[in-house]
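Okay, structure first, notes after.
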Amino acid sequence: MQTNMKTLREYIKEAEEKGVAIGHFNISNLETLHGIYSAATKLNVPVVIGVSEGEEVFVGLEEAVALVQTIRERDNYPIFLNADHHASFESVKNSIDAGFDAVIIDAAKLPYEENVAVTKQCVEYAREVSKNTGRDILVEAELGYIGSGSNIKDSIPEGAGILTNPDEAKRFVKETGIDLLAPSVGSIHGLIKSGKLHINAELVKEIRQAVGIPLVLHGGSGLRDEDFTNAISSGIAMVHINSEIRLAFKEAVEKSIDTNPTEITPAKILQPAVDAIEQVVEARLRLFNKPF
Ligand code: G3H
Ligand code: ZN
């Protein structure tokens with residue numbers, strides 16, 4: 001049974017006060033959820049599970065909610081569910097209605113005024129549902145452009161990496177009323193073979209100061225350790241990792257099948273993938289929660 005657990009909003013506030021960041025990790029299957037949860041419980045830190053629109057279809061909308069809520073209530077553990085990168089009001093609304101704790105309206109590619117309009121609509125809906133249900137649903141939105149797709153890219157895609165302007169961010173937050181902002185501060189979604197740029201920690205600081213709400217760093221895969229720590233000490237309160245987990249899963253499954261080609265028991269084939277994901281997530285969580 002759940003006993004007086006803090007809300008995700010309160011955990012984020014607490015992370016900011018401690019100068020650490022909450023890890024946000026995407027899933028598209030149960031093995032990934034198990035690997036992430038094992039790592040989080042090992043360090044005893046709160047964790048956010050994300051499902052993008054595609055991941056949500058694969059897992060199932062209600063199934064995703066049931067999985068995370070079951071663990072949270074069974075273990076009284078701070079594990080939360082986020083609708084990651086949802087592109088329309090309708091898909092945000094579906095996630096809110098299904099019971100998600102947080103949503104991201106991803107309209108950063110739209111012209112500014114259109115981004116404001118759809119983000120505002122999502123915030124108004126989240127507030128109304130929160131009021132009627134006693135939940136505290138968080139809404140995050142993006143400004144600037146950090147590319148799309150948690151995949152492997154040869155180089156930084158054309159047009160990605162449009163940095164967020166602090167003054168525009170201030171206006172955006174005021175006009176939309178969002179709870180969390182995903183700024184573009186140097187990171188790009190995915191693993192980039194030619195390497196990622198450094199995080200612009202000064203810009204993180206300026207944006208955090210201008211907007212007055214917590215900031216979320218997207219595109220965490222492949223960033224250098226010092227970029228994470230600089231970003232967190234400059235004002236990032238949550239970090240998203242996806243591609244590294246996907247790669248760990250794929251490599252572990254390939255190796256497992258190569259090593260035991262006659263094995264047909266899914267649990268045996270997939271256990272190495274759960275372990276590999278746990279290792280990736282544990283390493284990231286140690287970094288986000290220094291001095292672990
Ligand atoms: O929302 C998900 C992320 O921002 C993941 O980015 O694939 O670079 O880890 P990543
Ligand atoms: Zn992202």
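By order in the structure tokens, chains are A, B, ...; within a chain, residues start at 1; ligands start at 1, following the order shown.
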(request) Within stretch 1-49 of chain A, find each residue whose DSSP state, derived from the backbone, is alpha helix (DSSP H), and express the selection as a ChimeraX atom specification. (result) /A:8-18,30-43
Write to file, as a tab-separated table (two decimals), in the first residue's frame, the residues of the selection just made, with C-alpha atoms.
```
chain	number	residue	atom	x	y	z
A	8	LEU	CA	6.96	13.68	-8.77
A	9	ARG	CA	6.87	17.49	-8.52
A	10	GLU	CA	8.21	17.23	-4.96
A	11	TYR	CA	10.92	14.75	-5.95
A	12	ILE	CA	12.06	17.10	-8.71
A	13	LYS	CA	12.16	20.01	-6.28
A	14	GLU	CA	14.14	17.88	-3.85
A	15	ALA	CA	16.60	16.91	-6.62
A	16	GLU	CA	17.16	20.59	-7.42
A	17	GLU	CA	17.77	21.37	-3.75
A	18	LYS	CA	20.28	18.53	-3.49
A	30	LEU	CA	9.16	-5.60	-19.51
A	31	GLU	CA	12.84	-6.59	-19.59
A	32	THR	CA	13.86	-2.94	-19.85
A	33	LEU	CA	11.54	-1.96	-17.01
A	34	HIS	CA	13.05	-4.69	-14.79
A	35	GLY	CA	16.61	-3.59	-15.60
A	36	ILE	CA	15.85	0.06	-14.85
A	37	TYR	CA	13.97	-0.71	-11.66
A	38	SER	CA	16.75	-2.98	-10.33
A	39	ALA	CA	19.29	-0.20	-10.86
A	40	ALA	CA	17.10	2.46	-9.22
A	41	THR	CA	16.35	0.33	-6.16
A	42	LYS	CA	20.03	-0.54	-5.79
A	43	LEU	CA	20.76	3.16	-5.36
```
(message) List as a ChimeraX atom specification the protein and nucleic acid residues near A:Ala231, meaning an atom at most 8 Å away when only C-alpha atoms are counted, but skip any in the same chain fewer than 2 places from it.
(response) /A:199-201,204,227-229,233-236
Can you spit out the residues from that selection as an mmCIF file, in the first residue's frame, using C-alpha atoms?
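Result went into part_26.cif, see below:
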```cif
data_model
loop_
_atom_site.group_PDB
_atom_site.id
_atom_site.type_symbol
_atom_site.label_atom_id
_atom_site.label_comp_id
_atom_site.auth_asym_id
_atom_site.auth_seq_id
_atom_site.Cartn_x
_atom_site.Cartn_y
_atom_site.Cartn_z
ATOM 1 C CA ILE A 199 26.588 20.983 -23.071
ATOM 2 C CA ASN A 200 26.487 24.754 -22.829
ATOM 3 C CA ALA A 201 26.370 24.974 -19.018
ATOM 4 C CA VAL A 204 21.574 26.122 -18.811
ATOM 5 C CA ASP A 227 28.679 17.282 -19.507
ATOM 6 C CA PHE A 228 26.135 15.582 -17.261
ATOM 7 C CA THR A 229 27.696 16.890 -14.068
ATOM 8 C CA SER A 233 25.195 21.697 -11.322
ATOM 9 C CA SER A 234 23.977 24.456 -13.676
ATOM 10 C CA GLY A 235 20.284 23.682 -13.216
ATOM 11 C CA ILE A 236 19.195 20.450 -14.919
#
```
(message) List as a list of chain:residue names the protein and nucleic acid residues lying within 8 Å of ligand 2, with only C-alpha atoms and all ligand atoms counted.
(response)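 Checked against 8 Å with only C-alpha atoms and all ligand atoms; the hits are A:Asp84, A:His85, A:Ser148, A:Ser150, A:His189, A:Leu217, A:His218, A:Gly219, A:His240, A:Ile241.
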(request) Give the residue list for ligand 1 at 10 Å, counting only C-alpha atoms and all ligand atoms, as number ranges by chain, sorted by chain and then by residue number. (result) A: 24-26, 50-52, 82-85, 104, 106, 146-152, 182, 187-192, 196, 216-223, 239-247
(request) Can you pull out every residue within 8 Å of A:Val253, counting only C-alpha atoms, but drop anything in the same chain fewer than 5 positions away, and send it as a PyMOL selection string? (result) chain A and resi 269-270+272-273
(message) Please return, as a VMD selection string, all residues of stretch 21-245 of chain A that DSSP assigns to strand (DSSP E) on the basis of the backbone.
(response) chain A and resid 22 to 26 47 to 51 79 to 86 102 to 105 138 to 143 152 to 153 180 to 183 191 to 192 215 to 217 236 to 241
(request) Could you check how far atom CA of A:Ser256 sits from atom CA of A:Ala283, in Å to one decimal? (result)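 Taking atom CA of A:Ser256 as the start and atom CA of A:Ala283 as the end point, the length is 22.0 Å.
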(message) Neighbouring residues of stretch 110-123 of chain A were defined as those with any atom within 7 Å, considering only C-alpha atoms; residues of the same chain fewer than 3 positions away were excluded. Please report them as number ranges by chain.
(response) A: 89, 92, 105, 107, 126-127, 139, 141, 172, 175-178
Using the selection just defined, write its residues with C-alpha atoms as a compact mmCIF listing (two decimals), in the first residue's frame.
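Printed below is part28.txt as written:
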```
# COMPACT_ATOMS: atom_id res chain seq x y z
CA PHE A 89 -3.12 17.36 -27.77
CA VAL A 92 -1.33 13.87 -24.52
CA ILE A 105 3.97 17.94 -25.56
CA ALA A 107 5.70 20.86 -30.57
CA ALA A 126 -3.78 18.55 -17.10
CA ARG A 127 -4.85 21.16 -14.54
CA VAL A 139 3.37 19.03 -18.24
CA ALA A 141 7.29 21.25 -23.32
CA PHE A 172 7.13 30.68 -23.37
CA GLU A 175 2.45 32.09 -21.73
CA THR A 176 1.95 28.34 -21.34
CA GLY A 177 2.16 27.73 -17.58
CA ILE A 178 4.19 24.50 -18.03
```
(message) Can you pull out the residues contacting A:Val65? Cut-off 8 Å, using only C-alpha atoms, and skip same-chain residues under 2 positions away; I want them as a list in words.
(response)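 Contacts, in chain order: Leu61, Glu62, Glu63, Leu67, Val68, Gln69, Leu81, Ala98, Gly99 and Phe100 of chain A.
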(request) Compare A:Gly19, A:Gly144, A:Pro78, A:Pro46 by their minimum atom-to-atom distance to A:Asn4, counting only C-alpha atoms, and give me the closest one. (result)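 Checking each candidate against A:Asn4, we get A:Pro78 as the closest.
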(request) Would you mind telling me which residue in A:Val20, A:Ser155, A:Leu180, A:Arg74 lies nearest to A:Asn230 when using only C-alpha atoms? (result) A:Val20
(request) For atom CA of A:Ala102 and atom CA of A:Ile137, quote the distance in Å rounded to one decimal. (result) 5.2 Å
